[in-house]
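Structure data follow from input35.cif (mmCIF, C-alpha atoms):
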data_my_file
loop_
_atom_site.label_atom_id
_atom_site.label_comp_id
_atom_site.auth_asym_id
_atom_site.auth_seq_id
_atom_site.Cartn_x
_atom_site.Cartn_y
_atom_site.Cartn_z
CA MET A 1 22.43 7.81 1.35
CA ASN A 2 22.26 10.63 -1.22
CA THR A 3 19.62 11.14 -3.89
CA ALA A 4 21.93 10.11 -6.75
CA ARG A 5 22.50 6.69 -5.21
CA VAL A 6 18.79 6.22 -4.49
CA PHE A 7 18.16 7.09 -8.15
CA ALA A 8 20.88 4.69 -9.33
CA TYR A 9 19.57 1.88 -7.15
CA GLY A 10 16.20 2.06 -8.89
CA LEU A 11 17.59 1.98 -12.44
CA LEU A 12 17.86 -1.80 -12.62
CA GLY A 13 14.17 -2.07 -11.76
CA ALA A 14 13.22 -0.84 -15.25
CA PRO A 15 14.60 -3.68 -17.43
CA LEU A 16 13.67 -6.27 -14.79
CA ALA A 17 10.05 -5.12 -14.84
CA ALA A 18 10.11 -4.88 -18.63
CA ALA A 19 11.06 -8.57 -18.68
CA ALA A 20 8.19 -9.47 -16.36
CA LEU A 21 5.46 -7.99 -18.56
CA PRO A 22 5.71 -10.45 -21.48
CA ILE A 23 6.20 -13.34 -19.03
CA TYR A 24 2.95 -12.71 -17.20
CA ILE A 25 0.74 -10.86 -19.70
CA HIS A 26 1.76 -11.55 -23.31
CA ILE A 27 2.83 -15.20 -23.10
CA PRO A 28 -0.63 -16.74 -22.44
CA LYS A 29 -2.19 -14.98 -25.43
CA LEU A 30 0.89 -15.46 -27.63
CA TYR A 31 1.03 -19.23 -27.16
CA ALA A 32 -2.75 -19.68 -27.27
CA GLU A 33 -3.39 -17.70 -30.46
CA HIS A 34 -0.16 -17.95 -32.45
CA TYR A 35 1.23 -21.35 -31.44
CA GLY A 36 -2.01 -23.29 -30.96
CA VAL A 37 -1.66 -24.28 -27.29
CA SER A 38 -5.06 -24.91 -25.66
CA LEU A 39 -6.13 -22.77 -22.71
CA THR A 40 -6.40 -25.79 -20.43
CA LEU A 41 -2.90 -27.09 -21.24
CA LEU A 42 -1.52 -23.58 -21.09
CA GLY A 43 -3.05 -22.99 -17.68
CA VAL A 44 -1.66 -26.27 -16.34
CA VAL A 45 1.84 -25.65 -17.71
CA LEU A 46 1.98 -22.08 -16.43
CA PHE A 47 0.70 -23.17 -13.03
CA VAL A 48 3.23 -25.99 -12.65
CA ALA A 49 6.18 -23.96 -13.98
CA ARG A 50 5.36 -21.00 -11.77
CA LEU A 51 4.78 -23.24 -8.76
CA VAL A 52 8.15 -24.97 -9.19
CA ASP A 53 9.79 -21.58 -9.60
CA ALA A 54 8.00 -20.18 -6.57
CA LEU A 55 8.97 -23.11 -4.33
CA ALA A 56 12.64 -22.36 -4.99
CA ASP A 57 12.38 -18.68 -4.01
CA PRO A 58 12.56 -19.05 -0.21
CA LEU A 59 15.69 -21.20 -0.58
CA ILE A 60 17.22 -18.71 -3.03
CA GLY A 61 16.58 -15.90 -0.58
CA ALA A 62 17.83 -17.76 2.49
CA ALA A 63 20.95 -18.91 0.62
CA GLY A 64 21.76 -15.29 -0.15
CA ASP A 65 21.76 -14.47 3.55
CA ARG A 66 24.81 -16.71 3.83
CA ALA A 67 26.73 -14.76 1.16
CA ARG A 68 29.04 -11.79 1.72
CA GLY A 69 27.16 -9.47 -0.61
CA ARG A 70 24.14 -9.05 -2.88
CA ARG A 71 25.69 -7.35 -5.90
CA LEU A 72 27.41 -10.39 -7.41
CA ILE A 73 24.35 -12.59 -6.85
CA VAL A 74 22.17 -10.09 -8.73
CA LEU A 75 24.58 -10.07 -11.67
CA LEU A 76 24.69 -13.87 -11.77
CA GLY A 77 20.90 -13.98 -11.92
CA LEU A 78 20.79 -11.65 -14.91
CA LEU A 79 22.70 -14.10 -17.14
CA PRO A 80 20.05 -16.84 -17.54
CA LEU A 81 17.37 -14.16 -17.74
CA ALA A 82 19.17 -12.50 -20.66
CA VAL A 83 19.32 -15.83 -22.50
CA GLY A 84 15.85 -17.08 -21.63
CA LEU A 85 13.63 -14.09 -22.39
CA PRO A 86 14.38 -13.84 -26.14
CA ALA A 87 13.96 -17.62 -26.37
CA LEU A 88 10.61 -17.45 -24.59
CA VAL A 89 9.05 -15.05 -27.10
CA LYS A 90 10.35 -16.87 -30.21
CA PRO A 91 10.15 -20.68 -30.14
CA LEU A 92 12.37 -22.48 -32.62
CA ALA A 93 10.58 -24.03 -35.58
CA GLY A 94 10.29 -27.82 -35.43
CA ILE A 95 10.13 -28.01 -31.63
CA ASP A 96 6.82 -28.54 -29.85
CA PRO A 97 5.77 -25.06 -28.60
CA LEU A 98 4.60 -26.48 -25.28
CA LEU A 99 7.95 -28.15 -24.57
CA TRP A 100 9.79 -25.02 -25.65
CA LEU A 101 7.60 -22.94 -23.34
CA VAL A 102 8.44 -25.15 -20.34
CA GLY A 103 12.20 -25.00 -20.94
CA ALA A 104 12.30 -21.27 -21.62
CA LEU A 105 10.10 -20.49 -18.62
CA LEU A 106 12.33 -22.44 -16.23
CA LEU A 107 15.41 -20.61 -17.51
CA VAL A 108 13.75 -17.19 -17.29
CA TYR A 109 12.24 -17.86 -13.89
CA ALA A 110 15.56 -19.00 -12.42
CA GLY A 111 17.39 -15.86 -13.51
CA TYR A 112 14.53 -13.53 -12.65
CA SER A 113 14.15 -15.01 -9.17
CA ILE A 114 17.82 -14.81 -8.27
CA ALA A 115 18.12 -11.24 -9.54
CA THR A 116 14.91 -9.77 -8.13
CA ILE A 117 15.04 -11.40 -4.68
CA HIS A 118 18.54 -10.17 -3.96
CA TYR A 119 17.95 -6.82 -5.63
CA ALA A 120 15.05 -6.23 -3.22
CA ALA A 121 17.03 -7.54 -0.23
CA TRP A 122 19.91 -5.27 -1.20
CA GLY A 123 17.57 -2.27 -0.97
CA ALA A 124 16.14 -3.42 2.36
CA GLU A 125 19.64 -3.67 3.84
CA LEU A 126 20.35 -0.11 2.70
CA SER A 127 17.16 1.14 4.43
CA THR A 128 18.59 2.56 7.64
CA THR A 129 15.42 4.64 8.28
CA PRO A 130 11.75 4.15 7.31
CA ALA A 131 11.88 7.28 5.12
CA LEU A 132 14.97 6.01 3.26
CA GLY A 133 13.35 2.60 2.86
CA THR A 134 10.27 4.17 1.27
CA ARG A 135 12.47 6.28 -1.06
CA LEU A 136 14.48 3.25 -2.19
CA VAL A 137 11.36 1.19 -2.87
CA ALA A 138 9.72 4.15 -4.66
CA SER A 139 12.82 4.56 -6.82
CA ARG A 140 12.90 0.87 -7.70
CA GLU A 141 9.18 0.62 -8.39
CA GLY A 142 9.05 3.96 -10.19
CA TRP A 143 11.73 2.79 -12.61
CA ALA A 144 9.94 -0.56 -12.78
CA LEU A 145 6.81 1.18 -14.00
CA VAL A 146 8.86 3.02 -16.62
CA GLY A 147 10.10 -0.37 -17.78
CA VAL A 148 6.60 -1.80 -17.88
CA VAL A 149 5.29 1.16 -19.89
CA ALA A 150 8.10 0.70 -22.39
CA ALA A 151 7.43 -3.04 -22.61
CA SER A 152 3.70 -2.49 -23.08
CA VAL A 153 4.04 -0.17 -26.09
CA ALA A 154 7.24 -1.48 -27.69
CA PRO A 155 5.84 -4.60 -29.45
CA GLY A 156 3.11 -2.59 -31.18
CA LEU A 157 5.56 0.11 -32.25
CA LEU A 158 8.16 -2.33 -33.55
CA ALA A 159 5.89 -4.58 -35.66
CA ASP A 160 2.31 -5.09 -36.76
CA ASP A 161 2.09 -8.65 -35.41
CA ALA A 162 2.64 -9.73 -31.80
CA PRO A 163 5.31 -12.43 -32.33
CA THR A 164 7.60 -10.15 -34.35
CA GLY A 165 7.01 -7.19 -32.05
CA LEU A 166 7.85 -9.20 -28.93
CA TRP A 167 10.99 -10.62 -30.53
CA ARG A 168 12.29 -7.20 -31.58
CA ALA A 169 11.45 -5.75 -28.17
CA ALA A 170 13.46 -8.54 -26.52
CA LEU A 171 16.48 -7.73 -28.67
CA TYR A 172 16.35 -4.04 -27.72
CA TRP A 173 15.91 -5.05 -24.09
CA LEU A 174 19.30 -6.80 -23.88
CA PRO A 175 21.58 -3.70 -24.08
CA TRP A 176 19.16 -1.83 -21.82
CA LEU A 177 19.55 -4.55 -19.18
CA ALA A 178 23.35 -4.49 -19.49
CA LEU A 179 23.58 -0.69 -19.11
CA ALA A 180 21.22 -0.54 -16.13
CA ALA A 181 23.08 -3.37 -14.38
CA LEU A 182 26.39 -1.59 -14.92
CA LEU A 183 25.14 1.74 -13.53
CA THR A 184 23.40 0.22 -10.50
CA THR A 185 26.15 -2.15 -9.44
CA THR A 186 28.97 0.38 -9.84
CA THR A 187 27.18 3.24 -8.06
CA VAL A 188 25.29 1.73 -5.14
CA PRO A 189 27.16 0.41 -2.08
CA ASP A 190 26.65 -3.17 -0.97
CA LEU A 191 26.13 -2.70 2.76
CA ARG A 192 25.68 -6.37 3.56
CA PRO A 193 25.65 -7.06 7.30
CA GLN A 194 27.52 -10.07 8.63
CA ALA A 195 26.54 -13.19 6.69
CA VAL A 196 24.11 -15.57 8.36
CA ALA A 197 25.84 -18.85 9.19
CA GLN A 198 22.76 -20.81 10.23
CA PRO A 199 21.19 -23.52 8.00
CA LEU A 200 18.71 -22.44 5.33
CA LEU A 201 15.71 -24.11 6.92
CA VAL A 202 16.46 -22.44 10.24
CA THR A 203 16.46 -19.06 8.48
CA LEU A 204 13.12 -19.80 6.83
CA ARG A 205 11.64 -21.02 10.10
CA GLU A 206 12.75 -17.79 11.74
CA VAL A 207 11.06 -15.79 8.99
CA MET A 208 7.75 -17.65 9.25
CA ARG A 209 7.65 -17.37 13.05
CA HIS A 210 7.60 -13.58 12.76
CA ALA A 211 3.96 -12.65 13.52
CA ARG A 212 3.95 -9.25 11.83
CA PHE A 213 5.57 -10.71 8.71
CA ARG A 214 2.90 -13.44 8.52
CA ARG A 215 0.09 -10.88 8.73
CA LEU A 216 1.66 -8.65 6.08
CA LEU A 217 2.22 -11.70 3.88
CA ALA A 218 -1.44 -12.73 4.15
CA VAL A 219 -2.64 -9.29 3.04
CA PHE A 220 -0.07 -9.23 0.25
CA ALA A 221 -1.18 -12.68 -0.97
CA LEU A 222 -4.88 -11.84 -1.19
CA ASN A 223 -4.20 -8.50 -2.83
CA GLY A 224 -1.73 -10.13 -5.22
CA ILE A 225 -4.20 -12.73 -6.46
CA ALA A 226 -6.74 -9.93 -6.96
CA ALA A 227 -4.23 -8.22 -9.27
CA ALA A 228 -2.94 -11.38 -10.97
CA VAL A 229 -6.29 -12.59 -12.33
CA PRO A 230 -7.04 -9.49 -14.44
CA GLY A 231 -3.35 -9.29 -15.38
CA THR A 232 -3.59 -12.78 -16.87
CA LEU A 233 -6.86 -12.10 -18.67
CA VAL A 234 -6.62 -8.45 -19.69
CA LEU A 235 -5.57 -9.05 -23.31
CA PHE A 236 -8.43 -11.53 -23.79
CA PHE A 237 -10.84 -8.98 -22.26
CA ILE A 238 -9.62 -6.20 -24.54
CA ALA A 239 -9.88 -8.38 -27.66
CA ASP A 240 -13.16 -10.22 -27.04
CA VAL A 241 -15.23 -8.05 -24.67
CA LEU A 242 -14.20 -4.54 -25.66
CA GLN A 243 -13.32 -5.75 -29.19
CA ALA A 244 -10.50 -3.22 -29.37
CA PRO A 245 -7.29 -5.28 -29.74
CA GLU A 246 -5.61 -2.44 -31.63
CA ARG A 247 -5.69 -0.38 -28.41
CA GLU A 248 -4.14 -2.90 -26.03
CA GLY A 249 -0.82 -1.01 -25.96
CA LEU A 250 -2.64 2.23 -25.17
CA PHE A 251 -4.65 0.64 -22.36
CA LEU A 252 -1.56 -0.91 -20.76
CA ALA A 253 0.41 2.32 -21.14
CA LEU A 254 -2.33 4.38 -19.47
CA TYR A 255 -2.43 1.93 -16.57
CA PHE A 256 1.30 1.93 -15.94
CA VAL A 257 1.87 5.65 -16.63
CA ALA A 258 -0.81 6.44 -14.06
CA GLY A 259 1.07 4.22 -11.62
CA VAL A 260 4.33 6.08 -12.29
CA LEU A 261 2.72 9.48 -11.78
CA ALA A 262 0.93 8.37 -8.62
CA LEU A 263 4.02 6.98 -6.86
CA PRO A 264 5.17 10.32 -5.39
CA LEU A 265 1.63 11.00 -4.14
CA TRP A 266 1.45 7.68 -2.30
CA THR A 267 4.94 8.24 -0.88
CA ARG A 268 3.93 11.62 0.52
CA LEU A 269 0.68 10.22 1.89
CA ALA A 270 2.60 7.39 3.55
CA ASP A 271 4.86 9.94 5.24
CA ARG A 272 1.77 11.67 6.65
CA ILE A 273 -0.55 8.84 7.73
CA GLY A 274 1.61 5.70 7.52
CA ARG A 275 2.21 3.11 4.85
CA ALA A 276 -0.46 0.63 5.98
CA ARG A 277 -3.25 3.21 6.01
CA SER A 278 -2.16 4.59 2.66
CA TRP A 279 -2.22 1.08 1.19
CA ALA A 280 -5.76 0.60 2.54
CA ALA A 281 -6.83 3.84 0.84
CA SER A 282 -5.45 2.57 -2.46
CA MET A 283 -7.44 -0.65 -2.13
CA LEU A 284 -10.65 1.34 -1.64
CA LEU A 285 -9.85 3.29 -4.79
CA ALA A 286 -9.17 0.10 -6.76
CA ILE A 287 -12.46 -1.49 -5.68
CA ALA A 288 -14.44 1.63 -6.56
CA VAL A 289 -12.86 1.96 -10.00
CA PHE A 290 -12.54 -1.66 -11.12
CA GLY A 291 -16.13 -2.54 -10.27
CA TRP A 292 -17.05 -0.53 -13.35
CA ALA A 293 -15.39 -3.14 -15.59
CA TRP A 294 -18.31 -5.55 -14.95
CA THR A 295 -20.64 -3.27 -16.93
CA LEU A 296 -18.49 -2.89 -20.05
CA GLY A 297 -19.07 -4.35 -23.49
CA PRO A 298 -18.10 -3.81 -27.14
CA GLY A 299 -17.21 -0.20 -27.91
CA ASP A 300 -16.63 0.88 -24.30
CA ALA A 301 -12.99 1.75 -24.91
CA THR A 302 -13.21 5.24 -23.38
CA ALA A 303 -14.71 3.91 -20.17
CA PHE A 304 -11.98 1.27 -19.97
CA MET A 305 -9.33 3.99 -20.41
CA LEU A 306 -10.70 5.71 -17.31
CA ILE A 307 -10.66 2.39 -15.45
CA CYS A 308 -7.03 1.90 -16.49
CA VAL A 309 -6.10 5.33 -15.16
CA GLY A 310 -7.91 4.87 -11.84
CA SER A 311 -6.59 1.34 -11.35
CA GLY A 312 -3.12 2.54 -12.31
CA ILE A 313 -3.20 5.20 -9.60
CA ALA A 314 -3.97 2.46 -7.07
CA LEU A 315 -1.19 0.34 -8.59
CA GLY A 316 1.38 2.92 -7.51
CA ALA A 317 0.58 2.14 -3.88
CA ASP A 318 0.52 -1.63 -4.49
CA LEU A 319 4.04 -1.48 -5.86
CA ALA A 320 5.66 0.87 -3.35
CA LEU A 321 3.97 0.39 0.00
CA PRO A 322 3.97 -3.39 0.68
CA PRO A 323 7.75 -3.77 0.09
CA ALA A 324 8.31 -0.61 2.13
CA LEU A 325 6.31 -2.14 4.98
CA LEU A 326 8.45 -5.28 4.71
CA ALA A 327 11.64 -3.19 4.71
CA GLY A 328 10.35 -1.50 7.86
CA LEU A 329 9.89 -4.87 9.57
CA ILE A 330 13.41 -5.91 8.54
CA ALA A 331 14.80 -2.68 9.99
CA ARG A 332 13.21 -3.23 13.44
CA ARG A 333 16.19 -4.30 15.54
CA GLU A 334 14.07 -5.63 18.39
CA GLU A 335 12.45 -8.23 16.07
CA PRO A 336 15.18 -9.51 13.71
CA LEU A 337 13.96 -10.57 10.28
CA PRO A 338 16.53 -11.88 7.72
CA ALA A 339 16.29 -9.79 4.53
CA GLY A 340 17.07 -12.54 2.01
CA GLY A 341 14.86 -15.15 3.62
CA SER A 342 11.93 -12.77 4.00
CA PHE A 343 12.14 -11.52 0.42
CA GLY A 344 12.51 -15.11 -0.76
CA VAL A 345 9.21 -16.02 0.91
CA TRP A 346 7.72 -12.74 -0.37
CA THR A 347 8.68 -13.56 -3.96
CA PHE A 348 7.38 -17.11 -3.50
CA VAL A 349 3.95 -15.70 -2.61
CA THR A 350 4.10 -13.26 -5.54
CA LYS A 351 4.68 -16.10 -7.98
CA LEU A 352 2.19 -18.39 -6.28
CA ASN A 353 -0.41 -15.69 -6.90
CA LEU A 354 0.51 -15.64 -10.58
CA ALA A 355 0.50 -19.43 -10.75
CA LEU A 356 -2.96 -19.61 -9.20
CA ALA A 357 -4.24 -16.89 -11.53
CA ALA A 358 -3.13 -18.86 -14.61
CA GLY A 359 -3.88 -22.30 -13.19
CA VAL A 360 -7.42 -21.41 -12.10
CA ALA A 361 -8.61 -18.59 -14.37
CA LEU A 362 -7.64 -20.08 -17.75
CA PRO A 363 -9.10 -23.58 -17.18
CA ALA A 364 -12.18 -21.98 -15.57
CA LEU A 365 -12.78 -19.97 -18.71
CA ALA A 366 -12.42 -23.11 -20.80
CA LEU A 367 -14.97 -24.92 -18.61
CA LEU A 368 -17.37 -21.98 -18.92
CA GLY A 369 -17.21 -22.34 -22.68
CA TYR A 370 -14.96 -19.40 -23.56
CA ARG A 371 -12.40 -19.79 -26.34
CA PRO A 372 -9.96 -17.08 -27.48
CA GLY A 373 -11.54 -15.09 -30.29
CA GLU A 374 -15.15 -15.92 -29.35
CA GLN A 375 -17.29 -12.81 -28.91
CA GLY A 376 -20.78 -14.17 -28.35
CA ASP A 377 -22.86 -13.07 -25.38
CA GLU A 378 -22.19 -16.21 -23.31
CA ALA A 379 -18.45 -16.15 -23.97
CA ARG A 380 -18.23 -12.45 -23.06
CA ALA A 381 -20.27 -12.99 -19.90
CA ALA A 382 -17.96 -15.81 -18.74
CA LEU A 383 -14.83 -13.78 -19.43
CA THR A 384 -16.20 -10.67 -17.73
CA ALA A 385 -17.23 -12.60 -14.62
CA VAL A 386 -13.77 -14.10 -14.09
CA TYR A 387 -11.94 -10.93 -15.13
CA ALA A 388 -13.94 -8.37 -13.12
CA LEU A 389 -15.91 -9.94 -10.25
CA LEU A 390 -13.42 -12.40 -8.76
CA PRO A 391 -10.71 -9.73 -8.24
CA LEU A 392 -13.19 -7.46 -6.45
CA LEU A 393 -14.01 -10.14 -3.88
CA LEU A 394 -10.33 -10.86 -3.25
CA LYS A 395 -9.42 -7.18 -2.99
CA ALA A 396 -12.21 -6.60 -0.46
CA ALA A 397 -10.95 -9.51 1.68
CA ALA A 398 -7.41 -8.09 1.56
CA LEU A 399 -8.66 -4.67 2.61
CA CYS A 400 -10.52 -6.09 5.63
CA LEU A 401 -7.46 -8.05 6.76
CA LEU A 402 -5.16 -5.06 6.29
CA TRP A 403 -7.43 -2.68 8.18
CA ALA A 404 -7.77 -5.10 11.09
CA GLY A 405 -3.98 -5.35 11.43
CA THR A 406 -2.84 -1.80 10.63
CA ARG A 407 -1.33 -1.16 14.07
CA ARG A 408 0.48 -4.50 14.09
CA LEU A 409 2.00 -3.93 10.67
CA GLU A 410 3.15 -0.40 11.45
CA PRO A 411 3.09 0.03 15.24
CA ASP A 412 5.24 3.16 15.22
CA LEU A 413 3.33 5.48 12.86
CA GLN A 414 5.60 8.37 13.81
CA GLY A 415 8.45 6.37 12.32
CA ALA A 416 6.86 6.71 8.91
CA SER A 417 7.87 10.35 8.79
CA SER A 418 11.25 10.06 10.48
#
Show this structure as structure tokens.
Amino acid sequence: MNTARVFAYGLLGAPLAAAALPIYIHIPKLYAEHYGVSLTLLGVVLFVARLVDALADPLIGAAGDRARGRRLIVLLGLLPLAVGLPALVKPLAGIDPLLWLVGALLLVYAGYSIATIHYAAWGAELSTTPALGTRLVASREGWALVGVVAASVAPGLLADDAPTGLWRAALYWLPWLALAALLTTTTVPDLRPQAVAQPLLVTLREVMRHARFRRLLAVFALNGIAAAVPGTLVLFFIADVLQAPEREGLFLALYFVAGVLALPLWTRLADRIGRARSWAASMLLAIAVFGWAWTLGPGDATAFMLICVGSGIALGADLALPPALLAGLIARREEPLPAGGSFGVWTFVTKLNLALAAGVALPALALLGYRPGEQGDEARAALTAVYALLPLLLKAAALCLLWAGTRRLEPDLQGASS
């Protein structure tokens, strides 16, 4: 597969990732501060909506294994996403914001799940060698980071207030999504192997019986929760601990730009020492850098910029290497692993992480006495503890589990450079 097609495959990752940023980062703060939804109710609604969405993902993935191709399924998934995202960031006047949030989330989640699961499975089925698999994932995630950077700075550039900025950004996002979908689907071949005729539950059972997949999934889950908690709380931390809300776009941009720039470095390192070991190195870096966040307070914006850069470098590995490891397992002919079913379960775990982050972290903050906009010592201490310390413990557990199973996840290290 030539470089142009690898490049074209990744293009769709940009608008898809740009859609994910407001869903998982901006929406909690938007609905809490501008539409008056309490943190407890918001946490419960986000948890339930994300859980329902996540439970459907394995079935969505397994159903795709019965289809003749991935391309049409991806396009079908983009339609509800294109309708739902603008609705999500601008509730209609006269309708309860909480009810609107539930309806818009379900529409967005359905489209996003269908599109992203089969987009990832499409890439895995194109990965005829480990090196090609890593290149395809790096292309997709590199473009995804470009999309996230654009989504992080666009609202602030387009308007002075968050609701207007998010709405305008969503309108600009629509033609971007259409163009990327056109270029990807008309350039990249759809090399779907013979469709799986077995029942959906049989496919899912086959996926979950795969020992190496289960181990990789466990590491991915722990690491994902470690990333989801600060992702849910970062805007609150910037506003009420650092007291620098005007710099939130800059902080997010630094984080994601660092991830973009680091992707080629992690790809080269993976070619030399293997993807699992490279991922472990990135976790060590993340722990060393993010531990600093516990010490920050008002006025420490420069220190937080450095944390964003260091954490962003580690993010590059988090985005590229776990899916590449999964693609490698799918490509092992001696241990068949259905692409759609495995990515369906993978996406389920991703969303379960996000559901747990919202469903646990937001109510926990409310119980500890924190309210959005409060900047007293006790409120800042509660927010900092949940934002900074909990992710460190989870990341350390993920690192231990990954290191113990490195050889099982990537038994043929020479294959990483083939």
Given the PyMOL selection byres ((chain A and resi 112-127) around 8), the residues it picks as a PyMOL selection string: chain A and resi 9+16+53+57+60-61+64+70-71+73-78+81+108-111+128-130+132-133+136-137+190-193+327+330-331+339-340+343-344+347
Selected residue, from A:Pro15, A:Pro264, A:Gly69, A:Pro163, that lies nearest to Leu88 (chain A) when counting all atoms listed in the file: A:Pro163
Might you spell out which residues the PyMOL selection byres ((chain A and resi 51) around 9) would select in the displayed file, as a PyMOL selection string? chain A and resi 46-50+52-56+348+351-352+354-356
Please evaluate the PyMOL selection byres ((chain A and resi 174) around 10) against the structure above and give the resulting residues as a ChimeraX atom specification. /A:15,19,81-83,85-86,169-173,175-179
Which residues are close to Asn353 (chain A), i.e. within 9 Å by only C-alpha atoms, leaving aside same-chain residues fewer than 4 positions away? Reply as JSON, numbers by chain. {"A": [221, 222, 224, 225, 226, 227, 228, 229, 348, 349, 357, 358]}
For CA of Ala303 (chain A) and CA of Glu374 (chain A), determine how far apart the two atoms are, in Å to one decimal place.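 Those two atoms sit 21.9 Å apart.
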